[in-house]
$ cat coords.cif   # mmCIF, N, CA and C atoms
data_entry
#
loop_
_atom_site.label_atom_id
_atom_site.label_comp_id
_atom_site.auth_asym_id
_atom_site.auth_seq_id
_atom_site.Cartn_x
_atom_site.Cartn_y
_atom_site.Cartn_z
N GLU S 1 -56.86 -16.57 -1.42
CA GLU S 1 -55.50 -16.80 -1.88
C GLU S 1 -55.02 -15.57 -2.66
N VAL S 2 -53.87 -15.07 -2.29
CA VAL S 2 -53.30 -13.90 -2.96
C VAL S 2 -52.32 -14.37 -4.01
N GLN S 3 -52.48 -13.92 -5.23
CA GLN S 3 -51.57 -14.26 -6.32
C GLN S 3 -50.69 -13.06 -6.62
N LEU S 4 -49.41 -13.22 -6.43
CA LEU S 4 -48.47 -12.15 -6.73
C LEU S 4 -48.14 -12.17 -8.23
N VAL S 5 -47.82 -10.99 -8.76
CA VAL S 5 -47.52 -10.88 -10.19
C VAL S 5 -46.17 -10.22 -10.37
N GLU S 6 -45.23 -10.94 -10.99
CA GLU S 6 -43.90 -10.42 -11.24
C GLU S 6 -43.81 -9.84 -12.66
N SER S 7 -42.88 -8.90 -12.83
CA SER S 7 -42.57 -8.36 -14.15
C SER S 7 -41.13 -7.87 -14.16
N GLY S 8 -40.61 -7.62 -15.36
CA GLY S 8 -39.29 -7.03 -15.48
C GLY S 8 -38.18 -7.98 -15.89
N GLY S 9 -38.48 -9.26 -16.00
CA GLY S 9 -37.46 -10.21 -16.42
C GLY S 9 -37.10 -10.01 -17.89
N GLY S 10 -36.04 -10.68 -18.33
CA GLY S 10 -35.62 -10.57 -19.71
C GLY S 10 -34.25 -11.14 -19.92
N SER S 11 -33.67 -10.83 -21.09
CA SER S 11 -32.34 -11.32 -21.45
C SER S 11 -31.38 -10.15 -21.54
N VAL S 12 -30.25 -10.27 -20.87
CA VAL S 12 -29.23 -9.23 -20.90
C VAL S 12 -27.86 -9.87 -21.01
N GLN S 13 -26.89 -9.07 -21.38
CA GLN S 13 -25.51 -9.54 -21.38
C GLN S 13 -24.89 -9.36 -20.00
N ALA S 14 -23.86 -10.13 -19.75
CA ALA S 14 -23.15 -10.00 -18.48
C ALA S 14 -22.71 -8.56 -18.27
N GLY S 15 -22.88 -8.10 -17.02
CA GLY S 15 -22.56 -6.72 -16.70
C GLY S 15 -23.75 -5.79 -16.78
N GLY S 16 -24.83 -6.26 -17.38
CA GLY S 16 -26.02 -5.44 -17.54
C GLY S 16 -26.88 -5.41 -16.28
N SER S 17 -28.01 -4.72 -16.38
CA SER S 17 -28.91 -4.53 -15.24
C SER S 17 -30.35 -4.83 -15.63
N LEU S 18 -31.10 -5.25 -14.63
CA LEU S 18 -32.54 -5.42 -14.76
C LEU S 18 -33.18 -5.01 -13.45
N ARG S 19 -34.45 -4.59 -13.53
CA ARG S 19 -35.21 -4.32 -12.30
C ARG S 19 -36.50 -5.13 -12.36
N LEU S 20 -36.65 -6.00 -11.39
CA LEU S 20 -37.86 -6.79 -11.26
C LEU S 20 -38.85 -6.08 -10.34
N SER S 21 -40.13 -6.24 -10.64
CA SER S 21 -41.20 -5.70 -9.81
C SER S 21 -42.20 -6.79 -9.48
N CYS S 22 -42.86 -6.65 -8.36
CA CYS S 22 -43.86 -7.63 -7.96
C CYS S 22 -44.97 -6.90 -7.22
N THR S 23 -46.20 -7.16 -7.62
CA THR S 23 -47.36 -6.54 -6.98
C THR S 23 -48.35 -7.62 -6.53
N ALA S 24 -49.32 -7.19 -5.74
CA ALA S 24 -50.36 -8.08 -5.24
C ALA S 24 -51.72 -7.48 -5.62
N PRO S 25 -52.14 -7.64 -6.86
CA PRO S 25 -53.39 -7.02 -7.32
C PRO S 25 -54.59 -7.46 -6.49
N GLY S 26 -55.37 -6.49 -6.06
CA GLY S 26 -56.58 -6.80 -5.32
C GLY S 26 -56.39 -7.07 -3.85
N HIS S 27 -55.16 -7.16 -3.39
CA HIS S 27 -54.92 -7.42 -1.96
C HIS S 27 -54.93 -6.09 -1.21
N THR S 28 -55.76 -5.99 -0.20
CA THR S 28 -55.92 -4.72 0.49
C THR S 28 -55.18 -4.65 1.82
N GLY S 29 -54.81 -5.77 2.38
CA GLY S 29 -54.12 -5.76 3.67
C GLY S 29 -52.63 -5.51 3.49
N ASP S 30 -51.94 -5.32 4.61
CA ASP S 30 -50.49 -5.11 4.57
C ASP S 30 -49.76 -6.43 4.34
N LEU S 31 -48.67 -6.34 3.64
CA LEU S 31 -47.75 -7.46 3.48
C LEU S 31 -46.49 -7.08 4.23
N SER S 32 -46.27 -7.72 5.35
CA SER S 32 -45.22 -7.25 6.26
C SER S 32 -43.82 -7.46 5.69
N CYS S 33 -43.59 -8.56 5.03
CA CYS S 33 -42.29 -8.87 4.45
C CYS S 33 -42.47 -9.44 3.05
N MET S 34 -41.55 -9.10 2.17
CA MET S 34 -41.57 -9.61 0.81
C MET S 34 -40.16 -10.00 0.40
N ALA S 35 -40.06 -10.89 -0.58
CA ALA S 35 -38.74 -11.41 -0.92
C ALA S 35 -38.72 -11.90 -2.36
N TRP S 36 -37.50 -12.14 -2.83
CA TRP S 36 -37.27 -12.73 -4.13
C TRP S 36 -36.50 -14.03 -3.96
N PHE S 37 -36.95 -15.04 -4.67
CA PHE S 37 -36.28 -16.33 -4.73
C PHE S 37 -35.96 -16.63 -6.19
N ARG S 38 -35.08 -17.57 -6.42
CA ARG S 38 -34.80 -17.97 -7.80
C ARG S 38 -34.56 -19.47 -7.86
N GLN S 39 -34.79 -20.00 -9.04
CA GLN S 39 -34.66 -21.45 -9.20
C GLN S 39 -34.24 -21.77 -10.63
N ILE S 40 -33.30 -22.70 -10.75
CA ILE S 40 -32.94 -23.25 -12.06
C ILE S 40 -33.35 -24.71 -12.07
N PRO S 41 -33.63 -25.25 -13.25
CA PRO S 41 -34.13 -26.64 -13.32
C PRO S 41 -33.21 -27.62 -12.61
N GLY S 42 -33.81 -28.48 -11.80
CA GLY S 42 -33.06 -29.51 -11.10
C GLY S 42 -32.45 -29.07 -9.79
N LYS S 43 -32.67 -27.81 -9.42
CA LYS S 43 -32.10 -27.31 -8.16
C LYS S 43 -33.19 -26.76 -7.26
N GLU S 44 -32.86 -26.66 -5.97
CA GLU S 44 -33.80 -26.10 -5.00
C GLU S 44 -33.99 -24.60 -5.26
N ARG S 45 -35.18 -24.13 -4.91
CA ARG S 45 -35.44 -22.70 -4.97
C ARG S 45 -34.68 -22.02 -3.83
N GLU S 46 -33.90 -21.00 -4.14
CA GLU S 46 -33.08 -20.34 -3.13
C GLU S 46 -33.51 -18.90 -2.91
N GLY S 47 -33.39 -18.46 -1.67
CA GLY S 47 -33.68 -17.08 -1.34
C GLY S 47 -32.59 -16.17 -1.86
N VAL S 48 -32.97 -15.09 -2.50
CA VAL S 48 -32.02 -14.14 -3.07
C VAL S 48 -31.95 -12.88 -2.22
N ALA S 49 -33.11 -12.29 -1.93
CA ALA S 49 -33.16 -11.05 -1.16
C ALA S 49 -34.52 -10.91 -0.53
N GLY S 50 -34.56 -10.40 0.69
CA GLY S 50 -35.82 -10.21 1.39
C GLY S 50 -35.80 -8.92 2.18
N THR S 51 -36.99 -8.40 2.46
CA THR S 51 -37.08 -7.16 3.21
C THR S 51 -38.40 -7.08 3.94
N CYS S 52 -38.41 -6.32 5.03
CA CYS S 52 -39.64 -6.04 5.77
C CYS S 52 -39.85 -4.53 5.77
N ALA S 53 -41.04 -4.10 5.36
CA ALA S 53 -41.25 -2.68 5.09
C ALA S 53 -41.20 -1.82 6.34
N TYR S 54 -41.72 -2.31 7.45
CA TYR S 54 -41.88 -1.46 8.62
C TYR S 54 -40.56 -0.98 9.20
N ASP S 55 -39.54 -1.81 9.13
CA ASP S 55 -38.27 -1.38 9.69
C ASP S 55 -37.15 -1.35 8.67
N GLY S 56 -37.45 -1.70 7.44
CA GLY S 56 -36.46 -1.62 6.37
C GLY S 56 -35.36 -2.66 6.42
N ARG S 57 -35.51 -3.68 7.25
CA ARG S 57 -34.48 -4.72 7.30
C ARG S 57 -34.37 -5.43 5.97
N THR S 58 -33.17 -5.79 5.60
CA THR S 58 -32.95 -6.55 4.37
C THR S 58 -32.00 -7.71 4.64
N SER S 59 -32.06 -8.69 3.76
CA SER S 59 -31.14 -9.82 3.81
C SER S 59 -30.87 -10.26 2.39
N TYR S 60 -29.61 -10.62 2.13
CA TYR S 60 -29.21 -11.04 0.78
C TYR S 60 -28.40 -12.32 0.86
N THR S 61 -28.55 -13.17 -0.14
CA THR S 61 -27.65 -14.30 -0.24
C THR S 61 -26.27 -13.78 -0.64
N ASP S 62 -25.24 -14.47 -0.22
CA ASP S 62 -23.87 -13.96 -0.38
C ASP S 62 -23.52 -13.63 -1.83
N SER S 63 -23.99 -14.42 -2.76
CA SER S 63 -23.56 -14.26 -4.15
C SER S 63 -24.08 -12.98 -4.82
N VAL S 64 -25.05 -12.31 -4.20
CA VAL S 64 -25.61 -11.11 -4.83
C VAL S 64 -25.31 -9.84 -4.02
N LYS S 65 -24.68 -9.99 -2.87
CA LYS S 65 -24.38 -8.81 -2.05
C LYS S 65 -23.52 -7.83 -2.82
N GLY S 66 -23.89 -6.56 -2.75
CA GLY S 66 -23.17 -5.52 -3.46
C GLY S 66 -23.62 -5.33 -4.90
N ARG S 67 -24.44 -6.26 -5.41
CA ARG S 67 -24.92 -6.13 -6.80
C ARG S 67 -26.44 -5.95 -6.88
N PHE S 68 -27.18 -6.58 -5.98
CA PHE S 68 -28.63 -6.53 -5.98
C PHE S 68 -29.12 -5.65 -4.82
N THR S 69 -30.25 -4.97 -5.05
CA THR S 69 -30.88 -4.17 -4.01
C THR S 69 -32.38 -4.46 -3.99
N VAL S 70 -32.88 -4.84 -2.83
CA VAL S 70 -34.31 -5.11 -2.66
C VAL S 70 -34.95 -3.96 -1.91
N SER S 71 -36.17 -3.61 -2.32
CA SER S 71 -36.90 -2.55 -1.63
C SER S 71 -38.39 -2.84 -1.71
N GLN S 72 -39.12 -2.34 -0.72
CA GLN S 72 -40.56 -2.59 -0.65
C GLN S 72 -41.29 -1.29 -0.45
N ASP S 73 -42.34 -1.10 -1.24
CA ASP S 73 -43.24 0.02 -1.06
C ASP S 73 -44.48 -0.49 -0.32
N ASN S 74 -44.55 -0.24 0.97
CA ASN S 74 -45.63 -0.80 1.75
C ASN S 74 -46.99 -0.22 1.37
N ALA S 75 -47.01 1.01 0.89
CA ALA S 75 -48.28 1.64 0.53
C ALA S 75 -48.95 0.93 -0.65
N THR S 76 -48.15 0.35 -1.51
CA THR S 76 -48.70 -0.30 -2.70
C THR S 76 -48.46 -1.81 -2.71
N ASN S 77 -47.89 -2.34 -1.63
CA ASN S 77 -47.57 -3.78 -1.58
C ASN S 77 -46.78 -4.22 -2.80
N THR S 78 -45.74 -3.44 -3.10
CA THR S 78 -44.88 -3.73 -4.24
C THR S 78 -43.46 -3.95 -3.74
N VAL S 79 -42.80 -4.95 -4.29
CA VAL S 79 -41.40 -5.18 -3.97
C VAL S 79 -40.60 -5.14 -5.27
N TYR S 80 -39.41 -4.56 -5.17
CA TYR S 80 -38.54 -4.42 -6.32
C TYR S 80 -37.22 -5.15 -6.06
N LEU S 81 -36.60 -5.57 -7.15
CA LEU S 81 -35.25 -6.11 -7.06
C LEU S 81 -34.43 -5.49 -8.18
N LEU S 82 -33.53 -4.59 -7.81
CA LEU S 82 -32.63 -3.97 -8.77
C LEU S 82 -31.39 -4.84 -8.85
N MET S 83 -31.10 -5.34 -10.04
CA MET S 83 -29.98 -6.25 -10.24
C MET S 83 -28.95 -5.60 -11.16
N ASN S 84 -27.80 -5.29 -10.60
CA ASN S 84 -26.71 -4.69 -11.36
C ASN S 84 -25.58 -5.70 -11.55
N ASN S 85 -24.72 -5.41 -12.54
CA ASN S 85 -23.56 -6.25 -12.80
C ASN S 85 -23.95 -7.73 -12.85
N LEU S 86 -24.95 -8.01 -13.65
CA LEU S 86 -25.46 -9.37 -13.73
C LEU S 86 -24.42 -10.32 -14.30
N GLU S 87 -24.46 -11.56 -13.81
CA GLU S 87 -23.53 -12.60 -14.22
C GLU S 87 -24.33 -13.77 -14.80
N PRO S 88 -23.70 -14.57 -15.67
CA PRO S 88 -24.42 -15.73 -16.22
C PRO S 88 -24.99 -16.64 -15.13
N GLU S 89 -24.32 -16.69 -13.98
CA GLU S 89 -24.79 -17.53 -12.87
C GLU S 89 -26.09 -17.01 -12.26
N ASP S 90 -26.49 -15.80 -12.61
CA ASP S 90 -27.76 -15.26 -12.12
C ASP S 90 -28.94 -15.73 -12.96
N THR S 91 -28.68 -16.43 -14.04
CA THR S 91 -29.76 -16.93 -14.89
C THR S 91 -30.64 -17.90 -14.12
N ALA S 92 -31.95 -17.60 -14.09
CA ALA S 92 -32.89 -18.41 -13.33
C ALA S 92 -34.30 -17.87 -13.53
N MET S 93 -35.28 -18.62 -13.04
CA MET S 93 -36.63 -18.10 -12.89
C MET S 93 -36.68 -17.43 -11.52
N TYR S 94 -37.12 -16.20 -11.50
CA TYR S 94 -37.20 -15.43 -10.26
C TYR S 94 -38.65 -15.35 -9.78
N TYR S 95 -38.85 -15.69 -8.52
CA TYR S 95 -40.17 -15.71 -7.91
C TYR S 95 -40.26 -14.69 -6.78
N CYS S 96 -41.41 -14.04 -6.72
CA CYS S 96 -41.72 -13.13 -5.65
C CYS S 96 -42.48 -13.88 -4.55
N ALA S 97 -42.25 -13.50 -3.30
CA ALA S 97 -42.94 -14.11 -2.17
C ALA S 97 -43.32 -13.02 -1.17
N ALA S 98 -44.39 -13.27 -0.43
CA ALA S 98 -44.85 -12.27 0.54
C ALA S 98 -45.57 -12.95 1.68
N LYS S 99 -45.62 -12.25 2.82
CA LYS S 99 -46.39 -12.75 3.94
C LYS S 99 -47.09 -11.60 4.64
N PRO S 100 -48.30 -11.86 5.13
CA PRO S 100 -48.98 -10.87 5.95
C PRO S 100 -48.64 -11.10 7.42
N GLY S 101 -49.22 -10.31 8.29
CA GLY S 101 -49.13 -10.60 9.71
C GLY S 101 -47.77 -10.31 10.30
N PRO S 102 -47.40 -11.03 11.35
CA PRO S 102 -46.15 -10.74 12.07
C PRO S 102 -44.93 -10.78 11.16
N LYS S 103 -43.99 -9.87 11.44
CA LYS S 103 -42.79 -9.81 10.63
C LYS S 103 -41.92 -11.05 10.86
N LEU S 104 -41.11 -11.33 9.84
CA LEU S 104 -40.14 -12.39 9.97
C LEU S 104 -38.91 -11.87 10.70
N LEU S 105 -38.22 -12.77 11.36
CA LEU S 105 -36.92 -12.42 11.92
C LEU S 105 -35.92 -12.37 10.78
N SER S 106 -34.82 -11.68 10.99
CA SER S 106 -33.85 -11.49 9.91
C SER S 106 -33.38 -12.81 9.31
N TRP S 107 -33.15 -13.81 10.17
CA TRP S 107 -32.62 -15.08 9.67
C TRP S 107 -33.67 -15.86 8.90
N GLN S 108 -34.95 -15.45 8.97
CA GLN S 108 -36.01 -16.13 8.27
C GLN S 108 -36.31 -15.54 6.89
N LEU S 109 -35.76 -14.37 6.60
CA LEU S 109 -36.15 -13.64 5.39
C LEU S 109 -35.89 -14.42 4.10
N LEU S 110 -34.89 -15.30 4.07
CA LEU S 110 -34.56 -16.03 2.86
C LEU S 110 -35.02 -17.49 2.91
N MET S 111 -35.96 -17.77 3.81
CA MET S 111 -36.46 -19.14 3.95
C MET S 111 -37.82 -19.26 3.30
N ARG S 112 -37.99 -20.26 2.46
CA ARG S 112 -39.25 -20.45 1.74
C ARG S 112 -40.42 -20.60 2.70
N LEU S 113 -40.23 -21.30 3.79
CA LEU S 113 -41.34 -21.58 4.70
C LEU S 113 -41.89 -20.33 5.37
N GLY S 114 -41.17 -19.23 5.30
CA GLY S 114 -41.63 -18.02 5.94
C GLY S 114 -42.74 -17.30 5.19
N TYR S 115 -43.01 -17.71 3.95
CA TYR S 115 -43.90 -16.93 3.09
C TYR S 115 -45.16 -17.70 2.74
N ASP S 116 -46.27 -16.94 2.64
CA ASP S 116 -47.57 -17.53 2.37
C ASP S 116 -48.01 -17.39 0.92
N TYR S 117 -47.56 -16.32 0.27
CA TYR S 117 -48.02 -16.02 -1.08
C TYR S 117 -46.84 -16.05 -2.05
N TRP S 118 -47.12 -16.52 -3.27
CA TRP S 118 -46.08 -16.66 -4.28
C TRP S 118 -46.57 -16.21 -5.64
N GLY S 119 -45.64 -15.73 -6.47
CA GLY S 119 -45.94 -15.45 -7.85
C GLY S 119 -45.58 -16.63 -8.74
N ARG S 120 -45.82 -16.48 -10.02
CA ARG S 120 -45.55 -17.56 -10.97
C ARG S 120 -44.18 -17.46 -11.61
N GLY S 121 -43.48 -16.38 -11.35
CA GLY S 121 -42.11 -16.28 -11.81
C GLY S 121 -41.92 -15.44 -13.05
N THR S 122 -40.70 -14.89 -13.16
CA THR S 122 -40.28 -14.16 -14.35
C THR S 122 -38.85 -14.61 -14.67
N GLN S 123 -38.59 -14.90 -15.94
CA GLN S 123 -37.30 -15.46 -16.33
C GLN S 123 -36.26 -14.38 -16.52
N VAL S 124 -35.08 -14.63 -15.96
CA VAL S 124 -33.92 -13.76 -16.16
C VAL S 124 -32.83 -14.61 -16.81
N THR S 125 -32.33 -14.16 -17.94
CA THR S 125 -31.28 -14.86 -18.66
C THR S 125 -30.12 -13.91 -18.91
N VAL S 126 -28.94 -14.31 -18.46
CA VAL S 126 -27.74 -13.48 -18.61
C VAL S 126 -26.75 -14.24 -19.47
N SER S 127 -26.36 -13.64 -20.57
CA SER S 127 -25.42 -14.28 -21.49
C SER S 127 -24.01 -13.72 -21.31
N SER S 128 -23.03 -14.56 -21.55
CA SER S 128 -21.64 -14.12 -21.36
C SER S 128 -21.09 -13.47 -22.62
#

$ encode --input "coords.cif" --output "structure tokens"
Amino acid sequence: EVQLVESGGGSVQAGGSLRLSCTAPGHTGDLSCMAWFRQIPGKEREGVAGTCAYDGRTSYTDSVKGRFTVSQDNATNTVYLLMNNLEPEDTAMYYCAAKPGPKLLSWQLLMRLGYDYWGRGTQVTVSS
């Protein structure tokens, strides 16, 4: 079982920026696609941004397009989420997800079922 480790969460004011990072310590194989999800209490976990390293495909949920950027370093199995112009509605626990093996199709990148490995989350709080 691969345990992903997130970092970079925190508290910022609206309009501010944060960069989340996620690694897979001890995992030696390739992680073909990685993604970020977020969840607030009482709601479903939603896909925020996903990417596949080999071809650089990305997918974003509509509410973050133009503000968030996801990137993956395949050499180190690290995925980043740069979040600019943060809004109070972005407040949530952010989870990293990854899968080995065959790549996901673009429409699958933001689906929870597409991923095998998960982190424990990092909290992002945006105040108005």

$ resolve_selection --input "coords.cif" --expression "the PyMOL selection byres ((chain S and resi 48) around 6.5)" --output "PyMOL selection string"
chain S and resi 36-38+46-47+49-50+59-61+110

$ write_last_selection --input "coords.cif" --atoms "N, CA and C atoms" --output "PDB file, in the frame of the given file"
ATOM      1  N   TRP S  36     -37.500 -12.140  -2.830  1.00  0.00           N
ATOM      2  CA  TRP S  36     -37.270 -12.730  -4.130  1.00  0.00           C
ATOM      3  C   TRP S  36     -36.500 -14.030  -3.960  1.00  0.00           C
ATOM      4  N   PHE S  37     -36.950 -15.040  -4.670  1.00  0.00           N
ATOM      5  CA  PHE S  37     -36.280 -16.330  -4.730  1.00  0.00           C
ATOM      6  C   PHE S  37     -35.960 -16.630  -6.190  1.00  0.00           C
ATOM      7  N   ARG S  38     -35.080 -17.570  -6.420  1.00  0.00           N
ATOM      8  CA  ARG S  38     -34.800 -17.970  -7.800  1.00  0.00           C
ATOM      9  C   ARG S  38     -34.560 -19.470  -7.860  1.00  0.00           C
ATOM     10  N   GLU S  46     -33.900 -21.000  -4.140  1.00  0.00           N
ATOM     11  CA  GLU S  46     -33.080 -20.340  -3.130  1.00  0.00           C
ATOM     12  C   GLU S  46     -33.510 -18.900  -2.910  1.00  0.00           C
ATOM     13  N   GLY S  47     -33.390 -18.460  -1.670  1.00  0.00           N
ATOM     14  CA  GLY S  47     -33.680 -17.080  -1.340  1.00  0.00           C
ATOM     15  C   GLY S  47     -32.590 -16.170  -1.860  1.00  0.00           C
ATOM     16  N   ALA S  49     -33.110 -12.290  -1.930  1.00  0.00           N
ATOM     17  CA  ALA S  49     -33.160 -11.050  -1.160  1.00  0.00           C
ATOM     18  C   ALA S  49     -34.520 -10.910  -0.530  1.00  0.00           C
ATOM     19  N   GLY S  50     -34.560 -10.400   0.690  1.00  0.00           N
ATOM     20  CA  GLY S  50     -35.820 -10.210   1.390  1.00  0.00           C
ATOM     21  C   GLY S  50     -35.800  -8.920   2.180  1.00  0.00           C
ATOM     22  N   SER S  59     -32.060  -8.690   3.760  1.00  0.00           N
ATOM     23  CA  SER S  59     -31.140  -9.820   3.810  1.00  0.00           C
ATOM     24  C   SER S  59     -30.870 -10.260   2.390  1.00  0.00           C
ATOM     25  N   TYR S  60     -29.610 -10.620   2.130  1.00  0.00           N
ATOM     26  CA  TYR S  60     -29.210 -11.040   0.780  1.00  0.00           C
ATOM     27  C   TYR S  60     -28.400 -12.320   0.860  1.00  0.00           C
ATOM     28  N   THR S  61     -28.550 -13.170  -0.140  1.00  0.00           N
ATOM     29  CA  THR S  61     -27.650 -14.300  -0.240  1.00  0.00           C
ATOM     30  C   THR S  61     -26.270 -13.780  -0.640  1.00  0.00           C
ATOM     31  N   LEU S 110     -34.890 -15.300   4.070  1.00  0.00           N
ATOM     32  CA  LEU S 110     -34.560 -16.030   2.860  1.00  0.00           C
ATOM     33  C   LEU S 110     -35.020 -17.490   2.910  1.00  0.00           C
TER      34      LEU S 110
END

$ closest_residue --input "coords.cif" --among "S:Thr51, S:Gln3, S:Gln13, S:Ser71" --to "Gly119 in chain S" --atoms "only N, CA and C atoms"
S:Gln3

$ residues_near_point --input "coords.cif" --point "(-45.4, -4.5, -0.1)" --cutoff "8 Å" --atoms "all atoms listed in the file" --output "list in words"
Cys22, Thr23, Ala24, Asp30, Leu31, Ser32, Cys33, Met34, Ala53, Ser71, Gln72, Asp73, Asn74, Ala75, Thr76, Asn77, Thr78, Val79, Tyr80 and Ala98 of chain S

$ write_last_selection --input "coords.cif" --atoms "N, CA and C atoms" --output "PDB file, in the coordinates of the input"
ATOM      1  N   CYS S  22     -42.860  -6.650  -8.360  1.00  0.00           N
ATOM      2  CA  CYS S  22     -43.860  -7.630  -7.960  1.00  0.00           C
ATOM      3  C   CYS S  22     -44.970  -6.900  -7.220  1.00  0.00           C
ATOM      4  N   THR S  23     -46.200  -7.160  -7.620  1.00  0.00           N
ATOM      5  CA  THR S  23     -47.360  -6.540  -6.980  1.00  0.00           C
ATOM      6  C   THR S  23     -48.350  -7.620  -6.530  1.00  0.00           C
ATOM      7  N   ALA S  24     -49.320  -7.190  -5.740  1.00  0.00           N
ATOM      8  CA  ALA S  24     -50.360  -8.080  -5.240  1.00  0.00           C
ATOM      9  C   ALA S  24     -51.720  -7.480  -5.620  1.00  0.00           C
ATOM     10  N   ASP S  30     -51.940  -5.320   4.610  1.00  0.00           N
ATOM     11  CA  ASP S  30     -50.490  -5.110   4.570  1.00  0.00           C
ATOM     12  C   ASP S  30     -49.760  -6.430   4.340  1.00  0.00           C
ATOM     13  N   LEU S  31     -48.670  -6.340   3.640  1.00  0.00           N
ATOM     14  CA  LEU S  31     -47.750  -7.460   3.480  1.00  0.00           C
ATOM     15  C   LEU S  31     -46.490  -7.080   4.230  1.00  0.00           C
ATOM     16  N   SER S  32     -46.270  -7.720   5.350  1.00  0.00           N
ATOM     17  CA  SER S  32     -45.220  -7.250   6.260  1.00  0.00           C
ATOM     18  C   SER S  32     -43.820  -7.460   5.690  1.00  0.00           C
ATOM     19  N   CYS S  33     -43.590  -8.560   5.030  1.00  0.00           N
ATOM     20  CA  CYS S  33     -42.290  -8.870   4.450  1.00  0.00           C
ATOM     21  C   CYS S  33     -42.470  -9.440   3.050  1.00  0.00           C
ATOM     22  N   MET S  34     -41.550  -9.100   2.170  1.00  0.00           N
ATOM     23  CA  MET S  34     -41.570  -9.610   0.810  1.00  0.00           C
ATOM     24  C   MET S  34     -40.160 -10.000   0.400  1.00  0.00           C
ATOM     25  N   ALA S  53     -41.040  -4.100   5.360  1.00  0.00           N
ATOM     26  CA  ALA S  53     -41.250  -2.680   5.090  1.00  0.00           C
ATOM     27  C   ALA S  53     -41.200  -1.820   6.340  1.00  0.00           C
ATOM     28  N   SER S  71     -36.170  -3.610  -2.320  1.00  0.00           N
ATOM     29  CA  SER S  71     -36.900  -2.550  -1.630  1.00  0.00           C
ATOM     30  C   SER S  71     -38.390  -2.840  -1.710  1.00  0.00           C
ATOM     31  N   GLN S  72     -39.120  -2.340  -0.720  1.00  0.00           N
ATOM     32  CA  GLN S  72     -40.560  -2.590  -0.650  1.00  0.00           C
ATOM     33  C   GLN S  72     -41.290  -1.290  -0.450  1.00  0.00           C
ATOM     34  N   ASP S  73     -42.340  -1.100  -1.240  1.00  0.00           N
ATOM     35  CA  ASP S  73     -43.240   0.020  -1.060  1.00  0.00           C
ATOM     36  C   ASP S  73     -44.480  -0.490  -0.320  1.00  0.00           C
ATOM     37  N   ASN S  74     -44.550  -0.240   0.970  1.00  0.00           N
ATOM     38  CA  ASN S  74     -45.630  -0.800   1.750  1.00  0.00           C
ATOM     39  C   ASN S  74     -46.990  -0.220   1.370  1.00  0.00           C
ATOM     40  N   ALA S  75     -47.010   1.010   0.890  1.00  0.00           N
ATOM     41  CA  ALA S  75     -48.280   1.640   0.530  1.00  0.00           C
ATOM     42  C   ALA S  75     -48.950   0.930  -0.650  1.00  0.00           C
ATOM     43  N   THR S  76     -48.150   0.350  -1.510  1.00  0.00           N
ATOM     44  CA  THR S  76     -48.700  -0.300  -2.700  1.00  0.00           C
ATOM     45  C   THR S  76     -48.460  -1.810  -2.710  1.00  0.00           C
ATOM     46  N   ASN S  77     -47.890  -2.340  -1.630  1.00  0.00           N
ATOM     47  CA  ASN S  77     -47.570  -3.780  -1.580  1.00  0.00           C
ATOM     48  C   ASN S  77     -46.780  -4.220  -2.800  1.00  0.00           C
ATOM     49  N   THR S  78     -45.740  -3.440  -3.100  1.00  0.00           N
ATOM     50  CA  THR S  78     -44.880  -3.730  -4.240  1.00  0.00           C
ATOM     51  C   THR S  78     -43.460  -3.950  -3.740  1.00  0.00           C
ATOM     52  N   VAL S  79     -42.800  -4.950  -4.290  1.00  0.00           N
ATOM     53  CA  VAL S  79     -41.400  -5.180  -3.970  1.00  0.00           C
ATOM     54  C   VAL S  79     -40.600  -5.140  -5.270  1.00  0.00           C
ATOM     55  N   TYR S  80     -39.410  -4.560  -5.170  1.00  0.00           N
ATOM     56  CA  TYR S  80     -38.540  -4.420  -6.320  1.00  0.00           C
ATOM     57  C   TYR S  80     -37.220  -5.150  -6.060  1.00  0.00           C
ATOM     58  N   ALA S  98     -44.390 -13.270  -0.430  1.00  0.00           N
ATOM     59  CA  ALA S  98     -44.850 -12.270   0.540  1.00  0.00           C
ATOM     60  C   ALA S  98     -45.570 -12.950   1.680  1.00  0.00           C
TER      61      ALA S  98
END

$ resolve_selection --input "coords.cif" --expression "the PyMOL selection byres (((chain S and resi 16 and name CA) around 9) and name CA)" --output "PyMOL selection string"
chain S and resi 12-15+17-18+83-87+126

$ select_by_dssp --input "coords.cif" --residues "chain S" --states "helix (DSSP H, G or I)" --output "PyMOL selection string"
chain S and resi 62-64+88-90+106-108+112-114

$ closest_residue --input "coords.cif" --among "S:Arg57, S:Tyr94, S:Leu81, S:Ser106" --to "Ser21 in chain S" --atoms "all atoms listed in the file"
S:Leu81

$ residues_around --input "coords.cif" --residues "Thr122 in chain S" --least-positions-apart "6" --cutoff "8 Å" --atoms "only C-alpha atoms" --output "short mmCIF file (atom, residue, chain, number, x, y, z; two decimals) with N, CA and C atoms, in the coordinates of the input"
data_model
loop_
_atom_site.label_atom_id
_atom_site.label_comp_id
_atom_site.auth_asym_id
_atom_site.auth_seq_id
_atom_site.Cartn_x
_atom_site.Cartn_y
_atom_site.Cartn_z
N GLU S 6 -45.23 -10.94 -10.99
CA GLU S 6 -43.90 -10.42 -11.24
C GLU S 6 -43.81 -9.84 -12.66
N SER S 7 -42.88 -8.90 -12.83
CA SER S 7 -42.57 -8.36 -14.15
C SER S 7 -41.13 -7.87 -14.16
N GLY S 8 -40.61 -7.62 -15.36
CA GLY S 8 -39.29 -7.03 -15.48
C GLY S 8 -38.18 -7.98 -15.89
N GLY S 9 -38.48 -9.26 -16.00
CA GLY S 9 -37.46 -10.21 -16.42
C GLY S 9 -37.10 -10.01 -17.89
N GLY S 10 -36.04 -10.68 -18.33
CA GLY S 10 -35.62 -10.57 -19.71
C GLY S 10 -34.25 -11.14 -19.92
N MET S 93 -35.28 -18.62 -13.04
CA MET S 93 -36.63 -18.10 -12.89
C MET S 93 -36.68 -17.43 -11.52
N TYR S 94 -37.12 -16.20 -11.50
CA TYR S 94 -37.20 -15.43 -10.26
C TYR S 94 -38.65 -15.35 -9.78
N TYR S 95 -38.85 -15.69 -8.52
CA TYR S 95 -40.17 -15.71 -7.91
C TYR S 95 -40.26 -14.69 -6.78
#
